[in-house]
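> Can you keep this structure in mind? I'll have questions shortly.
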Amino acid sequence: MRCHVFWQSCRQLPGRLLALVDDALMPVCCVHCGTRTAPEERFTCTGCRSDLPWLANPRSPAPLPIAAMVAPLAYEFPIDAAIKALKFKRRLYYAPAFGDYLADAMRFLPEDIDALLPVPLHWRRLAFRGFNQAFEISREIRCRHGLPLVTGVVRCRATGSQSGLSAAERRSNVRHAFTARQRLTAQHVLIVDDVVTTGATARQLGRVLLDNGAGKVSVLAVARVTQAGSTGLNV
């Protein structure tokens, strides 16, 4: 009996060693505090997750033509700093964590969503930044929910930053900013982005989607700017 147990342990040893080496070389750490996380915690440790500024009501009033708008977090520390670090300092390790939060928040949205659209960047901004943060955030949602991406929708006008603009200025800034190069087959498109402020970008993009074949449009963002919170990012 002891011999059998010994040989069983020997057969399992290579797998255990490989797991230890993998964990040592590429440990999964909390994106907020750097603590090594347990497998079930994934990208955010339990302590940091509990301290994040979760919104009691992730759903906010959806401005026409948006069917539903969800953001699970308030745009407050440390989420505001993390979003800025992702966008402007290339801290791409935040993207899967944000995607994880959004994949969980899908339960607050209608069940008939059948495609995702990360908010497009203009080609010049994409070339300068090197990545689209909304696309990177969408990866985890696509993986967990098996939703395809909408293609052929582009930002055709290089708009200025939405930072510091009034609601009216934001609407004017993104007017005619998007276009669809083909008809859509998806019936309920989910727009994905990092922050929702006034909803100006989402409304403009939503109108383009509806004009080109989509039946409904909803929005899912990592964070929402509240009256008491910071201001100054995208949607």
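Convention: chains lettered A, B, ... in structure tokens order; per-chain residue numbering from 1; ligands numbered from 1 as shown.
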Just the residues within 7 Å of region 51-53 of chain A, please, counting only C-alpha atoms, with nothing from its chain fewer than 5 positions along; format it as a PyMOL selection string.
chain A and resi 73-74+76
> Using the chain letters and numbers from this document, which residues of region 79-134 of chain A does DSSP assign to alpha helix (DSSP H), as a ChimeraX atom specification?
/A:79-89,94-105,123-129,133-134
> Emit the selected residues as a PDB file, in the first residue's frame, including C-alpha atoms.

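Result saved to result-v3.pdb:
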```
ATOM      1  CA  ILE A  79     -10.356  52.783 -10.193  1.00  0.00           C
ATOM      2  CA  ASP A  80      -9.828  56.276 -11.626  1.00  0.00           C
ATOM      3  CA  ALA A  81      -6.056  55.977 -11.197  1.00  0.00           C
ATOM      4  CA  ALA A  82      -6.056  52.462 -12.667  1.00  0.00           C
ATOM      5  CA  ILE A  83      -8.016  53.517 -15.762  1.00  0.00           C
ATOM      6  CA  LYS A  84      -5.636  56.424 -16.381  1.00  0.00           C
ATOM      7  CA  ALA A  85      -2.656  54.099 -15.901  1.00  0.00           C
ATOM      8  CA  LEU A  86      -4.092  51.692 -18.473  1.00  0.00           C
ATOM      9  CA  LYS A  87      -4.832  54.355 -21.054  1.00  0.00           C
ATOM     10  CA  PHE A  88      -1.924  56.736 -20.721  1.00  0.00           C
ATOM     11  CA  LYS A  89       0.878  54.664 -19.167  1.00  0.00           C
ATOM     12  CA  TYR A  94      -5.374  46.265 -15.683  1.00  0.00           C
ATOM     13  CA  ALA A  95      -7.362  45.281 -18.784  1.00  0.00           C
ATOM     14  CA  PRO A  96      -8.142  41.643 -17.827  1.00  0.00           C
ATOM     15  CA  ALA A  97      -9.127  42.742 -14.310  1.00  0.00           C
ATOM     16  CA  PHE A  98     -11.526  45.343 -15.711  1.00  0.00           C
ATOM     17  CA  GLY A  99     -12.829  42.743 -18.146  1.00  0.00           C
ATOM     18  CA  ASP A 100     -13.392  40.384 -15.224  1.00  0.00           C
ATOM     19  CA  TYR A 101     -15.488  43.004 -13.413  1.00  0.00           C
ATOM     20  CA  LEU A 102     -17.531  43.601 -16.560  1.00  0.00           C
ATOM     21  CA  ALA A 103     -18.015  39.908 -17.290  1.00  0.00           C
ATOM     22  CA  ASP A 104     -19.558  39.604 -13.813  1.00  0.00           C
ATOM     23  CA  ALA A 105     -21.704  42.702 -14.422  1.00  0.00           C
ATOM     24  CA  TRP A 123      -6.654  55.444 -36.438  1.00  0.00           C
ATOM     25  CA  ARG A 124      -4.237  58.241 -35.507  1.00  0.00           C
ATOM     26  CA  ARG A 125      -4.905  57.889 -31.778  1.00  0.00           C
ATOM     27  CA  LEU A 126      -4.686  54.113 -32.080  1.00  0.00           C
ATOM     28  CA  ALA A 127      -1.315  54.411 -33.818  1.00  0.00           C
ATOM     29  CA  PHE A 128      -0.039  56.809 -31.157  1.00  0.00           C
ATOM     30  CA  ARG A 129      -1.297  54.790 -28.175  1.00  0.00           C
ATOM     31  CA  GLN A 133      -8.230  50.057 -24.137  1.00  0.00           C
ATOM     32  CA  ALA A 134     -11.894  49.205 -24.771  1.00  0.00           C
TER      33      ALA A 134
END
```
> Let me make sure I understand: among A:Leu117, A:Val31, A:Ile66, A:Ile141, which one has the smallest atom-to-atom distance to Leu92 (chain A) if we use only C-alpha atoms?
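So, comparing all the options, the nearest one is A:Val31.
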> Here is a test: counting only C-alpha atoms, which residue of A:Ser218, A:Thr226, A:Ser60, A:Thr179 is nearest to Ile191 (chain A)?
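Among the listed residues, the smallest separation from Ile191 (chain A) belongs to A:Ser218.
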> Give the strand (DSSP E) residues of region 14-232 of chain A, as DSSP finds them on the backbone, and put them as a VMD selection string.
chain A and resid 59 to 60 68 to 70 73 to 74 115 to 118 153 to 155 178 to 180 188 to 196 216 to 224
> Which residue is closest to Thr198 (chain A)? Choose from A:Cys45, A:Val222, A:Ala62, A:Cys29 and count only C-alpha atoms.
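Of A:Cys45, A:Val222, A:Ala62, A:Cys29, the one nearest Thr198 (chain A), counting only C-alpha atoms, is A:Ala62.
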> Could you tell me how far CA of Ala223 (chain A) lies from CA of Thr185 (chain A), in Å and to one decimal?
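Separating CA of Ala223 (chain A) from CA of Thr185 (chain A) is a distance of 28.6 Å.
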> Show me, as a list in words, the residues that have an atom within 12 Å of Pro110 (chain A) when counting only C-alpha atoms, minus same-chain residues fewer than 4 positions from it.
Arg59, Ala67, Ala68, Met69, Val70, Ala105, Met106, Asp114, His188, Val189, Leu190, Lys216, Val217, Ser218, Val219 and Leu220 of chain A
> Identify which of the residues A:Ala186, A:Leu147, A:Leu64, A:Ala38 lies closest to Ala200 (chain A), counting only C-alpha atoms when measuring atom-to-atom distances.
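Counting only C-alpha atoms, the residue closest to Ala200 (chain A) is A:Leu64.
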